[in-house]
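Here is the structure we will look at, set down as structure tokens.
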Amino acid sequence: MNATGTAGATDAAHAIDAAELRRRTGDLLAAHPPGEAEPTDFLKARFDAGLAWVHFPAGLGGLDAPRSLQSVVDAELAAAGAPDNDPRRIGIGLGMAAPTILGFGTEEQKRRFLRPLWVGEEVWCQLFSEPGAGSDLAALGTRAVREGEGDGDGDGDGGDWIVNGQKVWTSSAHLARWAILIARTDPALPKHRGITYFLCDMTAPGVEVRPLRQITGEAEFNEVFLTDVRIPDAHRLGAVGDGWNVARTTLMNERVSIGGARLPREGGMIGTVSRTWREHPELRTHELHQRLLALWVDAEVARLTGERLRQQLAVGRPGPEGSGLKLSFARLNQEISGLEVELLGDEGLLYDDWTMRRPELVDFTGREAGYRYLRSKGNSIEGGTSEVLLNIVAERVLGLPAEPRDDKDVAWKDLTR
């Protein structure tokens with residue numbers, strides 16, 4: 001296993017092909033029949049068999065196999081009616097925390113966190129954005145100080161960290177057991193260099209979660225206040241001061257997981273509006289038909305692009321191309337949901353319940369058109385605003401000149417806020 005925590009191509013990995021995966025999946029199903037096994041027990045057995053994410057290292061839910069072969073396992077299990085985890089509920093853990101822990105975590109951290117994360121026993125949230133540090137995330141001000149630092153009582157490496165600050169727009173914080181957290185550990189350094197990455201226990205004293213009600217009436221988002229929260233140094237991910245580098249892995253994986261979610265053909269929101277079109281010929285007009293055709297093509301191109309990108313990803317560290325996928329996802333969701341509301345007319349304006357709720361998951365396809373239209377407005381903000389992502393694509397994919405920035409080499413403590 002190499003220094004980043006990912007295993008190289010071993011002789012055993014070369015022996016893992018589609019036929020071998022089908023055999024191993026068959027063995028799993030025989031030992032734990034889906035109709036008899038309790039769902040969580042089945043998922044634990046699947047993880048232990050290396051069939052959770054086959055490209056992960058052996059012993060950590062995988063088999064060091066090519067990422068593209070995951071679909072072989074998924075198809076076999078789906079055909080057998082086997083239980084699966086729910087990415088809508090644990091997507092932050094699956095798409096953001098797991099690849100970051102794999103890429104930068106210690107062996108102890110990987111073995112402690114990856115299994116309960118994948119099984120769904122522990123929900124994760126993301127403590128990144130702040131009231132004064134959203135699009136400019138590196139300007140964050142939440143402070144982490146090693147216990148005893150500055151008063152002569154600290155013992156150097158290994159001491160606990162005391163964290164104070166506020167985070168905002170935190171999806172699932174009301175459900176989460178753990179959080180990925182970035183905090184400033186050296187305000188004398190430029191903003192990108194004085195940040196450290198932590199794994200925060202959401203049940204620790206000093207963690208307060210407050211709901212943020214959205215335009216949908218629900219509060220899936222939260223603000224989180226951290227008051228003298230103690231985090232052991234053993235829950236630091238990566239080196240002190242290297243938090244921005246670690247966070248970039250999280251952010252790039254986040255954009256791929258949001259924009260490049262695996263879908264069947266005509267899956268997601270385009271499938272919902274297409275079914276409405278087919279079932280209600282009385283709603284059709286030529287202009288709406290042309291718009292639906294164009295969006296259907298765009299959605300299919302985005303789906304295939306996402307599939308190709310997932311197959312090309314190195315474990316734990318996708319490139320900036322994921323920002324383009326996330327841009328497409330936001331635009332498509334907003335345009336498709338707008339088309340659906342127009343197609344349905346008065347019915348498209350109906351909304352079932354404005355009661356303040358704290359949902360366990362975001363369900364775009366199982367709700368009414370009004371919900372989809374309202375909720376999709378957040379797609380161009382969450383996971384990186386479209387404006388920031390356009391800059392990333394311009395600079396890191398297209399190679400255009402970088403936007404002028406005069407604060408990159410200034411100590412964070414000297415910045416105007």
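Chain labels A, B, ... are given in the sequence in which chains occur in the structure tokens; within each chain residues are numbered consecutively from 1, and ligands are likewise numbered from 1 in the order shown.
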
Non-local contacts of stretch 348-359 of chain A (10 Å; only C-alpha atoms; under 2 positions in same chain excluded) as a ChimeraX atom specification
/A:89,172,174-175,211-222,337-346,361-363,367-374

Have a look at atom CA of A:Ala402 and atom CA of A:Ser257 and let me know their distance in Å, one decimal.
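Distance between the two atoms: 25.9 Å.
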
Can you list, as a PyMOL selection string, every residue of stretch 40-111 of chain A that DSSP puts in helix (DSSP H, G or I)?
chain A and resi 40-48+67-79+87-104+107-111

Within stretch 113-338 of chain A, find each residue whose DSSP state, derived from the backbone, is strand (DSSP E), and express the selection as a VMD selection string.
chain A and resid 124 to 127 143 to 146 161 to 167 178 to 184 195 to 201 207 to 212 221 to 231 236 to 237

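In terms of minimum interatomic distance to A:Arg248, A:Ala138 ranks closest within A:Leu114, A:Ile90, A:Ala138, A:Ala58, counting only C-alpha atoms.
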
Pick out the residues sitting within 7 Å of stretch 23-34 of chain A, and hand them over as a list of chain:residue names; count only C-alpha atoms, and ignore anything fewer than 4 positions along from it in its own chain.
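My reading of the contact set: A:Ala19, A:Phe42, A:Arg46, A:Val73, A:Gly81, A:Ala82, A:Pro83.
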
For those residues, write C-alpha atoms to a file as a PDB file, in the first residue's frame.
ATOM      1  CA  ALA A  19     -16.061 -13.590 -13.993  1.00  0.00           C
ATOM      2  CA  PHE A  42     -25.935  -8.210   4.490  1.00  0.00           C
ATOM      3  CA  ARG A  46     -20.738  -7.364   1.387  1.00  0.00           C
ATOM      4  CA  VAL A  73     -21.313  -6.517  -8.773  1.00  0.00           C
ATOM      5  CA  GLY A  81     -33.004  -8.297  -4.926  1.00  0.00           C
ATOM      6  CA  ALA A  82     -30.212  -7.731  -2.432  1.00  0.00           C
ATOM      7  CA  PRO A  83     -30.441  -4.768  -0.035  1.00  0.00           C
TER       8      PRO A  83
END

Write out as a PyMOL selection string each polymer residue whose atoms come within 6 Å of A:Ser129, counting only C-alpha atoms; drop sequence neighbours fewer than 2 positions from it.
chain A and resi 133-134+167-168

Just-selected residues, N, CA and C atoms written as a JSON list (two decimals), in the first residue's frame:
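What follows is the written file again22.json:
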[["chain", "number", "residue", "atom", "x", "y", "z"],
["A", 133, "ALA", "N", -17.32, 32.86, 4.66],
["A", 133, "ALA", "CA", -16.41, 32.07, 3.81],
["A", 133, "ALA", "C", -17.21, 31.00, 3.10],
["A", 134, "GLY", "N", -17.88, 31.41, 2.03],
["A", 134, "GLY", "CA", -18.66, 30.47, 1.23],
["A", 134, "GLY", "C", -17.95, 30.22, -0.07],
["A", 167, "LYS", "N", -20.23, 27.21, 11.38],
["A", 167, "LYS", "CA", -20.36, 26.69, 10.02],
["A", 167, "LYS", "C", -21.82, 26.85, 9.58],
["A", 168, "VAL", "N", -22.03, 26.83, 8.26],
["A", 168, "VAL", "CA", -23.38, 27.09, 7.76],
["A", 168, "VAL", "C", -23.64, 26.26, 6.51]]

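Here the question is which of A:Leu295, A:Gly306, A:Arg396, A:Gly319 gets nearest to A:Leu332 using only C-alpha atoms, and that residue is A:Leu295.
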
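We find atom CA of A:Trp118 and atom CA of A:Leu102 to be spaced 12.6 Å apart.
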
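Separating atom CA of A:Val393 from atom CA of A:Leu325 is a distance of 10.1 Å.
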
Find, counting only C-alpha atoms, the residue in A:Thr416, A:Gln334, A:Thr40, A:Thr185 that gets nearest to A:Ala144.
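For A:Ala144, the nearest of the candidates is A:Thr185.
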